[in-house]
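Shown below: entry07.pdb, with PDB, C-alpha atoms.
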MODEL        1
ATOM      1  CA  MET A   1       0.000   0.000   0.000
ATOM      2  CA  THR A   2       2.896   2.364   0.609
ATOM      3  CA  ASP A   3       3.775   2.226  -3.102
ATOM      4  CA  LYS A   4       0.213   3.276  -3.935
ATOM      5  CA  LEU A   5       0.436   6.158  -1.459
ATOM      6  CA  LEU A   6       3.732   7.300  -2.970
ATOM      7  CA  ASP A   7       2.087   7.245  -6.407
ATOM      8  CA  ILE A   8      -0.746   9.442  -5.112
ATOM      9  CA  ILE A   9       1.765  11.925  -3.694
ATOM     10  CA  ALA A  10       3.979  11.814  -6.796
ATOM     11  CA  ALA A  11       1.029  12.761  -9.003
ATOM     12  CA  LYS A  12       1.238  16.253  -7.462
ATOM     13  CA  HIS A  13       4.759  16.470  -6.038
ATOM     14  CA  ARG A  14       7.912  15.146  -7.691
ATOM     15  CA  LEU A  15       9.722  12.730  -5.389
ATOM     16  CA  CYS A  16      13.502  12.733  -5.035
ATOM     17  CA  GLU A  17      14.936   9.911  -2.944
ATOM     18  CA  LYS A  18      17.267  10.971  -0.151
ATOM     19  CA  GLU A  19      20.311   9.166   1.189
ATOM     20  CA  VAL A  20      19.609   7.426   4.516
ATOM     21  CA  GLY A  21      22.977   5.715   5.008
ATOM     22  CA  SER A  22      23.147   2.932   7.569
ATOM     23  CA  PHE A  23      19.449   3.323   8.355
ATOM     24  CA  LYS A  24      18.442   1.757   5.034
ATOM     25  CA  LYS A  25      18.249  -1.699   6.610
ATOM     26  CA  LEU A  26      17.839  -2.332  10.326
ATOM     27  CA  SER A  27      17.051  -5.273  12.597
ATOM     28  CA  ALA A  28      15.318  -4.883  15.940
ATOM     29  CA  ASN A  29      13.217  -7.100  18.198
ATOM     30  CA  GLY A  30      12.932  -9.906  15.662
ATOM     31  CA  MET A  31      11.866  -7.541  12.883
ATOM     32  CA  LYS A  32      13.749  -6.453   9.772
ATOM     33  CA  PHE A  33      13.196  -2.870   8.616
ATOM     34  CA  LYS A  34      13.740  -1.290   5.199
ATOM     35  CA  ILE A  35      13.668   2.494   5.261
ATOM     36  CA  THR A  36      13.586   5.058   2.464
ATOM     37  CA  ALA A  37      13.155   8.826   2.544
ATOM     38  CA  TYR A  38      12.183  11.378  -0.080
ATOM     39  CA  ASN A  39      11.907  15.058  -0.705
ATOM     40  CA  ALA A  40       8.509  15.819  -2.200
ATOM     41  CA  GLU A  41       8.913  19.062  -4.124
ATOM     42  CA  GLY A  42       6.527  21.706  -2.863
ATOM     43  CA  LEU A  43       5.356  19.491   0.008
ATOM     44  CA  GLY A  44       8.156  18.391   2.317
ATOM     45  CA  HIS A  45       9.845  15.335   3.815
ATOM     46  CA  ILE A  46       8.495  11.805   3.359
ATOM     47  CA  SER A  47       9.723   8.539   4.844
ATOM     48  CA  VAL A  48       8.615   4.959   4.282
ATOM     49  CA  MET A  49       9.413   2.093   6.613
ATOM     50  CA  ARG A  50       8.555  -1.489   5.725
ATOM     51  CA  ALA A  51       9.045  -4.179   8.349
ATOM     52  CA  SER A  52       8.562  -7.940   8.550
ATOM     53  CA  GLY A  53       9.397 -10.597  11.070
ATOM     54  CA  PHE A  54       8.463 -13.699  12.994
ATOM     55  CA  PHE A  55       8.698 -15.898   9.886
ATOM     56  CA  GLY A  56       6.424 -13.585   7.915
ATOM     57  CA  LEU A  57       3.624 -13.713  10.485
ATOM     58  CA  MET A  58       3.926  -9.977  11.130
ATOM     59  CA  LYS A  59       4.299  -7.147   8.650
ATOM     60  CA  MET A  60       4.198  -3.433   9.272
ATOM     61  CA  ASP A  61       4.200  -0.482   6.869
ATOM     62  CA  THR A  62       4.681   3.138   7.872
ATOM     63  CA  LEU A  63       4.575   6.315   5.813
ATOM     64  CA  ILE A  64       5.215   9.727   7.337
ATOM     65  CA  ILE A  65       4.814  13.156   5.766
ATOM     66  CA  ASN A  66       6.319  16.204   7.424
ATOM     67  CA  PRO A  67       4.928  19.016   5.227
ATOM     68  CA  THR A  68       7.637  21.646   5.532
ATOM     69  CA  GLU A  69       6.603  23.487   2.360
ATOM     70  CA  LEU A  70       2.798  23.533   2.714
ATOM     71  CA  ASP A  71       0.785  24.362   5.818
ATOM     72  CA  LEU A  72      -0.715  20.896   6.264
ATOM     73  CA  PRO A  73      -0.706  18.701   9.379
ATOM     74  CA  LEU A  74       1.995  16.104   9.941
ATOM     75  CA  TYR A  75       0.698  12.804   8.505
ATOM     76  CA  SER A  76       1.423   9.330   9.860
ATOM     77  CA  TYR A  77       0.153   6.087   8.296
ATOM     78  CA  ASP A  78       0.693   2.732   9.991
ATOM     79  CA  ARG A  79      -0.558  -0.624   8.771
ATOM     80  CA  ILE A  80       0.039  -3.752  10.812
ATOM     81  CA  TYR A  81      -0.697  -7.282   9.602
ATOM     82  CA  ALA A  82      -0.351  -9.856  12.382
ATOM     83  CA  MET A  83      -2.031 -13.128  13.388
ATOM     84  CA  GLY A  84      -4.736 -12.729  10.738
ATOM     85  CA  ASN A  85      -5.549  -9.172  11.852
ATOM     86  CA  ASP A  86      -5.316  -5.987   9.799
ATOM     87  CA  THR A  87      -4.816  -2.755  11.737
ATOM     88  CA  LEU A  88      -5.041   0.665  10.076
ATOM     89  CA  ILE A  89      -3.865   3.802  11.878
ATOM     90  CA  ILE A  90      -3.875   7.200  10.170
ATOM     91  CA  GLU A  91      -2.976  10.034  12.501
ATOM     92  CA  LEU A  92      -2.705  13.733  11.748
ATOM     93  CA  TYR A  93      -0.879  16.046  14.117
ATOM     94  CA  ASP A  94      -1.378  19.761  14.486
ATOM     95  CA  THR A  95       1.744  21.352  13.053
ATOM     96  CA  LEU A  96      -0.392  24.024  11.391
ATOM     97  CA  LEU A  97       0.611  27.674  11.389
ATOM     98  CA  GLU A  98      -3.026  28.635  10.788
ATOM     99  CA  LYS A  99      -5.711  26.548  12.479
ATOM    100  CA  ARG A 100      -8.370  24.990  10.297
ATOM    101  CA  SER A 101     -10.242  21.750   9.702
ATOM    102  CA  PHE A 102     -10.176  19.468   6.669
ATOM    103  CA  GLU A 103     -13.741  18.856   5.563
ATOM    104  CA  VAL A 104     -13.082  16.218   2.895
ATOM    105  CA  MET A 105     -11.020  14.135   5.319
ATOM    106  CA  GLN A 106     -13.717  14.542   7.947
ATOM    107  CA  ASN A 107     -16.295  13.293   5.442
ATOM    108  CA  ILE A 108     -14.195  10.238   4.582
ATOM    109  CA  LYS A 109     -13.882   9.375   8.261
ATOM    110  CA  ALA A 110     -17.634   9.870   8.784
ATOM    111  CA  ALA A 111     -18.472   7.632   5.813
ATOM    112  CA  TYR A 112     -16.836   4.658   7.542
ATOM    113  CA  GLU A 113     -17.692   5.587  11.133
ATOM    114  CA  GLY A 114     -18.689   2.620  13.262
ATOM    115  CA  GLN A 115     -16.969   0.052  11.045
ATOM    116  CA  PHE A 116     -14.140  -1.904  12.673
ATOM    117  CA  GLU A 117     -13.318   0.901  15.094
ATOM    118  CA  ARG A 118     -10.175   0.513  17.184
ATOM    119  CA  ASP A 119      -9.663   2.117  20.573
ATOM    120  CA  ALA A 120      -6.506   4.171  20.105
ATOM    121  CA  GLY A 121      -6.045   4.580  23.870
ATOM    122  CA  GLN A 122      -4.707   7.665  25.604
ATOM    123  CA  HIS A 123      -1.331   9.174  24.791
ATOM    124  CA  TRP A 124       0.764  12.233  25.585
ATOM    125  CA  TYR A 125       0.187  13.626  22.078
ATOM    126  CA  ASP A 126      -3.626  13.536  22.170
ATOM    127  CA  SER A 127      -3.811  17.332  22.530
ATOM    128  CA  ILE A 128      -2.256  17.790  19.063
ATOM    129  CA  LYS A 129      -3.855  14.795  17.322
ATOM    130  CA  LEU A 130      -6.521  16.038  14.932
ATOM    131  CA  ALA A 131     -10.106  14.780  14.821
ATOM    132  CA  GLU A 132      -9.629  13.616  11.214
ATOM    133  CA  SER A 133      -7.409  10.769  12.454
ATOM    134  CA  ILE A 134      -8.598   7.191  11.819
ATOM    135  CA  SER A 135      -8.004   3.983  13.792
ATOM    136  CA  LYS A 136      -9.457   0.639  12.684
ATOM    137  CA  LYS A 137      -8.846  -3.049  13.253
ATOM    138  CA  GLY A 138     -10.285  -5.962  11.330
ATOM    139  CA  LYS A 139      -9.373  -9.306   9.822
ATOM    140  CA  ALA A 140      -7.388 -10.001   6.670
ATOM    141  CA  LYS A 141     -10.605  -9.897   4.620
ATOM    142  CA  GLN A 142     -10.954  -6.194   5.466
ATOM    143  CA  LYS A 143      -7.779  -5.409   3.508
ATOM    144  CA  ARG A 144      -9.587  -4.123   0.425
ATOM    145  CA  LEU A 145     -11.809  -1.851   2.522
ATOM    146  CA  PHE A 146      -8.891  -0.504   4.538
ATOM    147  CA  ASP A 147      -6.884   0.057   1.343
ATOM    148  CA  LYS A 148      -9.812   2.033  -0.080
ATOM    149  CA  ILE A 149     -10.077   4.211   3.029
ATOM    150  CA  THR A 150      -6.325   4.802   2.993
ATOM    151  CA  ALA A 151      -6.179   5.815  -0.674
ATOM    152  CA  LYS A 152      -9.142   8.153  -0.330
ATOM    153  CA  ASN A 153      -7.634   9.707   2.762
ATOM    154  CA  MET A 154      -4.246  10.318   1.149
ATOM    155  CA  SER A 155      -5.838  11.786  -1.975
ATOM    156  CA  ALA A 156      -7.829  14.182   0.191
ATOM    157  CA  TYR A 157      -4.680  15.150   2.074
ATOM    158  CA  VAL A 158      -2.574  15.991  -0.988
ATOM    159  CA  ASP A 159      -5.511  17.793  -2.636
ATOM    160  CA  ALA A 160      -6.341  19.875   0.441
ATOM    161  CA  PRO A 161      -5.931  23.610  -0.128
ATOM    162  CA  ALA A 162      -2.931  24.871   1.826
ATOM    163  CA  ALA A 163      -0.837  28.006   1.914
ATOM    164  CA  GLU A 164       2.880  27.882   1.241
ATOM    165  CA  VAL A 165       4.932  27.948   4.422
ATOM    166  CA  GLU A 166       6.627  31.299   4.894
ATOM    167  CA  ASN A 167       7.862  30.873   8.466
ATOM    168  CA  LYS A 168       9.797  27.637   8.041
ATOM    169  CA  VAL A 169      11.446  27.933  11.448
ATOM    170  CA  GLU A 170       8.100  27.942  13.254
ATOM    171  CA  LYS A 171       6.811  25.116  11.059
ATOM    172  CA  ARG A 172       9.869  22.997  11.874
ATOM    173  CA  GLU A 173       9.479  23.739  15.595
ATOM    174  CA  LYS A 174       5.903  22.482  15.553
ATOM    175  CA  ALA A 175       6.964  19.195  13.971
ATOM    176  CA  SER A 176       9.929  18.967  16.354
ATOM    177  CA  PHE A 177       7.575  19.233  19.334
ATOM    178  CA  TYR A 178       5.977  15.936  18.283
ATOM    179  CA  VAL A 179       9.250  14.210  17.356
ATOM    180  CA  GLU A 180      11.035  15.236  20.557
ATOM    181  CA  GLY A 181       7.978  14.093  22.504
ATOM    182  CA  LEU A 182       8.259  10.645  20.933
ATOM    183  CA  LEU A 183      11.919  10.446  21.898
ATOM    184  CA  LYS A 184      11.238  11.650  25.448
ATOM    185  CA  ASN A 185       8.049   9.756  26.223
ATOM    186  CA  GLY A 186       8.753   6.601  24.261
ATOM    187  CA  GLY A 187       6.240   4.209  22.769
ATOM    188  CA  PRO A 188       6.128   0.761  21.145
ATOM    189  CA  SER A 189       8.254   1.521  18.080
ATOM    190  CA  THR A 190      10.412   4.173  19.757
ATOM    191  CA  ASP A 191      11.347   1.806  22.560
ATOM    192  CA  VAL A 192      12.188  -0.991  20.100
ATOM    193  CA  PHE A 193      14.658   1.242  18.292
ATOM    194  CA  LYS A 194      16.139   2.618  21.502
ATOM    195  CA  LYS A 195      16.864  -0.917  22.689
ATOM    196  CA  ALA A 196      18.448  -1.930  19.387
ATOM    197  CA  LEU A 197      20.241   1.284  18.398
ATOM    198  CA  GLY A 198      20.636   3.252  21.600
ATOM    199  CA  GLU A 199      19.166   6.665  22.346
ATOM    200  CA  GLU A 200      21.600   8.694  20.222
ATOM    201  CA  LYS A 201      21.157   6.694  17.002
ATOM    202  CA  THR A 202      17.394   6.494  17.530
ATOM    203  CA  ALA A 203      17.260  10.277  17.838
ATOM    204  CA  GLU A 204      19.240  10.566  14.590
ATOM    205  CA  LEU A 205      16.881   8.115  12.860
ATOM    206  CA  PHE A 206      13.797  10.021  13.977
ATOM    207  CA  ARG A 207      15.081  13.548  13.368
ATOM    208  CA  LYS A 208      17.005  13.084  10.133
ATOM    209  CA  VAL A 209      15.349  10.144   8.390
ATOM    210  CA  LEU A 210      11.806   9.460   9.542
ATOM    211  CA  PHE A 211      10.614  13.029  10.162
ATOM    212  CA  GLY A 212      13.234  15.274   8.592
ATOM    213  CA  THR A 213      13.208  17.848  11.383
ATOM    214  CA  GLU A 214      17.006  18.030  11.079
ATOM    215  CA  GLU A 215      19.208  17.913   8.005
TER     216      GLU A 215
ENDMDL
END

What do you get writing this file as structure tokens?
Amino acid sequence: MTDKLLDIIAAKHRLCEKEVGSFKKLSANGMKFKITAYNAEGLGHISVMRASGFFGLMKMDTLIINPTELDLPLYSYDRIYAMGNDTLIIELYDTLLEKRSFEVMQNIKAAYEGQFERDAGQHWYDSIKLAESISKKGKAKQKRLFDKITAKNMSAYVDAPAAEVENKVEKREKASFYVEGLLKNGGPSTDVFKKALGEEKTAELFRKVLFGTEE
């Protein structure tokens, strides 16, 4: 699905792959990770992380957009396939310079409300997580539905009207607030990388590769 999402983005923003060095392939907690990063012209930083492990019984795809060029929210897509379950998590974080809502994305969420809802739990970042975020969990047979929701959501995101970012320092600081919070407060994936790579390398991975808050 990440290839499809990259195609949707590339239809509006030319993608240029960035060098990620030793982070291209990683192993942690029984999982193998392949990581790529891109500059999307006129949009910002994009990273894709594909993971598999436990003899193919678990697969995880992640795509992150840090929109440094357009005033859009930070976008995080996670898809987890494990033990016959399909989990879809699309979260948008308020890194906006001008507050507003995204009606088309709200409508997409509303269209599938009540279907395979997943309790996202409570987290330190809830105050900046936008209402357009989606969290669902189903079985493998829900894959086509979840793919449809994901594609519609991404299309709405890249088509959303947004002003060009003029204050890039403030925009970067807003994204850094979320990234530094992940590093400070931890979480399932953050903790896995910290254990395998150490705190310093994990911080480099998050800041330079996954989120692009540092060059």

9 Å contact set for region 57-74 of chain A, only C-alpha atoms, chain neighbours under 4 positions out, as a PyMOL selection string: chain A and resi 1-2+5-6+31+40-53+78-84+91-98+130+157-158+160-166+168+171-172+175+210-213

Expansion of the PyMOL selection byres ((chain A and resi 191-203) around 12) into residues, as a PyMOL selection string: chain A and resi 22-23+26-33+176+179-190+204-214

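One distance worth recording is that between CA of Ala11 (chain A) and CA of Val169 (chain A), which is 27.5 Å.
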
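Of note, CA of Phe55 (chain A) and CA of Asp3 (chain A) are spaced 22.8 Å apart.
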
Residue IDs satisfying the PyMOL selection byres ((chain A and resi 134-142) around 12), as number ranges by chain: A: 75-93, 105-121, 129-133, 143-150, 153-154

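Our summary of the geometry notes that CA of Ser127 (chain A) is positioned 10.8 Å from CA of Tyr178 (chain A).
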
Around all the atoms of region 111-130 of chain A listed in the file, with 4 Å of room on each side, what axis-aligned box do you get, giving centre and edge lengths in Å to one decimal, as lines of an AutoDock Vina configuration file?
center_x = -9.0
center_y = 7.9
center_z = 15.7
size_x = 27.5
size_y = 27.7
size_z = 27.8

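Nearest-residue note for His13 (chain A): choosing from A:Glu170, A:Asp159, A:Glu215, A:Glu103, the minimum distance belongs to A:Asp159, counting only C-alpha atoms.
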
Write a file for region 41-168 of chain A, containing C-alpha atoms (output as a tab-separated table (two decimals), in the first residue's frame).
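File result.tsv, as written:
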chain	number	residue	atom	x	y	z
A	41	GLU	CA	8.91	19.06	-4.12
A	42	GLY	CA	6.53	21.71	-2.86
A	43	LEU	CA	5.36	19.49	0.01
A	44	GLY	CA	8.16	18.39	2.32
A	45	HIS	CA	9.84	15.34	3.81
A	46	ILE	CA	8.49	11.80	3.36
A	47	SER	CA	9.72	8.54	4.84
A	48	VAL	CA	8.62	4.96	4.28
A	49	MET	CA	9.41	2.09	6.61
A	50	ARG	CA	8.56	-1.49	5.73
A	51	ALA	CA	9.05	-4.18	8.35
A	52	SER	CA	8.56	-7.94	8.55
A	53	GLY	CA	9.40	-10.60	11.07
A	54	PHE	CA	8.46	-13.70	12.99
A	55	PHE	CA	8.70	-15.90	9.89
A	56	GLY	CA	6.42	-13.59	7.91
A	57	LEU	CA	3.62	-13.71	10.49
A	58	MET	CA	3.93	-9.98	11.13
A	59	LYS	CA	4.30	-7.15	8.65
A	60	MET	CA	4.20	-3.43	9.27
A	61	ASP	CA	4.20	-0.48	6.87
A	62	THR	CA	4.68	3.14	7.87
A	63	LEU	CA	4.58	6.32	5.81
A	64	ILE	CA	5.21	9.73	7.34
A	65	ILE	CA	4.81	13.16	5.77
A	66	ASN	CA	6.32	16.20	7.42
A	67	PRO	CA	4.93	19.02	5.23
A	68	THR	CA	7.64	21.65	5.53
A	69	GLU	CA	6.60	23.49	2.36
A	70	LEU	CA	2.80	23.53	2.71
A	71	ASP	CA	0.79	24.36	5.82
A	72	LEU	CA	-0.71	20.90	6.26
A	73	PRO	CA	-0.71	18.70	9.38
A	74	LEU	CA	1.99	16.10	9.94
A	75	TYR	CA	0.70	12.80	8.51
A	76	SER	CA	1.42	9.33	9.86
A	77	TYR	CA	0.15	6.09	8.30
A	78	ASP	CA	0.69	2.73	9.99
A	79	ARG	CA	-0.56	-0.62	8.77
A	80	ILE	CA	0.04	-3.75	10.81
A	81	TYR	CA	-0.70	-7.28	9.60
A	82	ALA	CA	-0.35	-9.86	12.38
A	83	MET	CA	-2.03	-13.13	13.39
A	84	GLY	CA	-4.74	-12.73	10.74
A	85	ASN	CA	-5.55	-9.17	11.85
A	86	ASP	CA	-5.32	-5.99	9.80
A	87	THR	CA	-4.82	-2.75	11.74
A	88	LEU	CA	-5.04	0.67	10.08
A	89	ILE	CA	-3.87	3.80	11.88
A	90	ILE	CA	-3.88	7.20	10.17
A	91	GLU	CA	-2.98	10.03	12.50
A	92	LEU	CA	-2.71	13.73	11.75
A	93	TYR	CA	-0.88	16.05	14.12
A	94	ASP	CA	-1.38	19.76	14.49
A	95	THR	CA	1.74	21.35	13.05
A	96	LEU	CA	-0.39	24.02	11.39
A	97	LEU	CA	0.61	27.67	11.39
A	98	GLU	CA	-3.03	28.63	10.79
A	99	LYS	CA	-5.71	26.55	12.48
A	100	ARG	CA	-8.37	24.99	10.30
A	101	SER	CA	-10.24	21.75	9.70
A	102	PHE	CA	-10.18	19.47	6.67
A	103	GLU	CA	-13.74	18.86	5.56
A	104	VAL	CA	-13.08	16.22	2.89
A	105	MET	CA	-11.02	14.13	5.32
A	106	GLN	CA	-13.72	14.54	7.95
A	107	ASN	CA	-16.30	13.29	5.44
A	108	ILE	CA	-14.20	10.24	4.58
A	109	LYS	CA	-13.88	9.37	8.26
A	110	ALA	CA	-17.63	9.87	8.78
A	111	ALA	CA	-18.47	7.63	5.81
A	112	TYR	CA	-16.84	4.66	7.54
A	113	GLU	CA	-17.69	5.59	11.13
A	114	GLY	CA	-18.69	2.62	13.26
A	115	GLN	CA	-16.97	0.05	11.05
A	116	PHE	CA	-14.14	-1.90	12.67
A	117	GLU	CA	-13.32	0.90	15.09
A	118	ARG	CA	-10.17	0.51	17.18
A	119	ASP	CA	-9.66	2.12	20.57
A	120	ALA	CA	-6.51	4.17	20.11
A	121	GLY	CA	-6.05	4.58	23.87
A	122	GLN	CA	-4.71	7.67	25.60
A	123	HIS	CA	-1.33	9.17	24.79
A	124	TRP	CA	0.76	12.23	25.58
A	125	TYR	CA	0.19	13.63	22.08
A	126	ASP	CA	-3.63	13.54	22.17
A	127	SER	CA	-3.81	17.33	22.53
A	128	ILE	CA	-2.26	17.79	19.06
A	129	LYS	CA	-3.86	14.80	17.32
A	130	LEU	CA	-6.52	16.04	14.93
A	131	ALA	CA	-10.11	14.78	14.82
A	132	GLU	CA	-9.63	13.62	11.21
A	133	SER	CA	-7.41	10.77	12.45
A	134	ILE	CA	-8.60	7.19	11.82
A	135	SER	CA	-8.00	3.98	13.79
A	136	LYS	CA	-9.46	0.64	12.68
A	137	LYS	CA	-8.85	-3.05	13.25
A	138	GLY	CA	-10.28	-5.96	11.33
A	139	LYS	CA	-9.37	-9.31	9.82
A	140	ALA	CA	-7.39	-10.00	6.67
A	141	LYS	CA	-10.61	-9.90	4.62
A	142	GLN	CA	-10.95	-6.19	5.47
A	143	LYS	CA	-7.78	-5.41	3.51
A	144	ARG	CA	-9.59	-4.12	0.43
A	145	LEU	CA	-11.81	-1.85	2.52
A	146	PHE	CA	-8.89	-0.50	4.54
A	147	ASP	CA	-6.88	0.06	1.34
A	148	LYS	CA	-9.81	2.03	-0.08
A	149	ILE	CA	-10.08	4.21	3.03
A	150	THR	CA	-6.32	4.80	2.99
A	151	ALA	CA	-6.18	5.82	-0.67
A	152	LYS	CA	-9.14	8.15	-0.33
A	153	ASN	CA	-7.63	9.71	2.76
A	154	MET	CA	-4.25	10.32	1.15
A	155	SER	CA	-5.84	11.79	-1.97
A	156	ALA	CA	-7.83	14.18	0.19
A	157	TYR	CA	-4.68	15.15	2.07
A	158	VAL	CA	-2.57	15.99	-0.99
A	159	ASP	CA	-5.51	17.79	-2.64
A	160	ALA	CA	-6.34	19.87	0.44
A	161	PRO	CA	-5.93	23.61	-0.13
A	162	ALA	CA	-2.93	24.87	1.83
A	163	ALA	CA	-0.84	28.01	1.91
A	164	GLU	CA	2.88	27.88	1.24
A	165	VAL	CA	4.93	27.95	4.42
A	166	GLU	CA	6.63	31.30	4.89
A	167	ASN	CA	7.86	30.87	8.47
A	168	LYS	CA	9.80	27.64	8.04
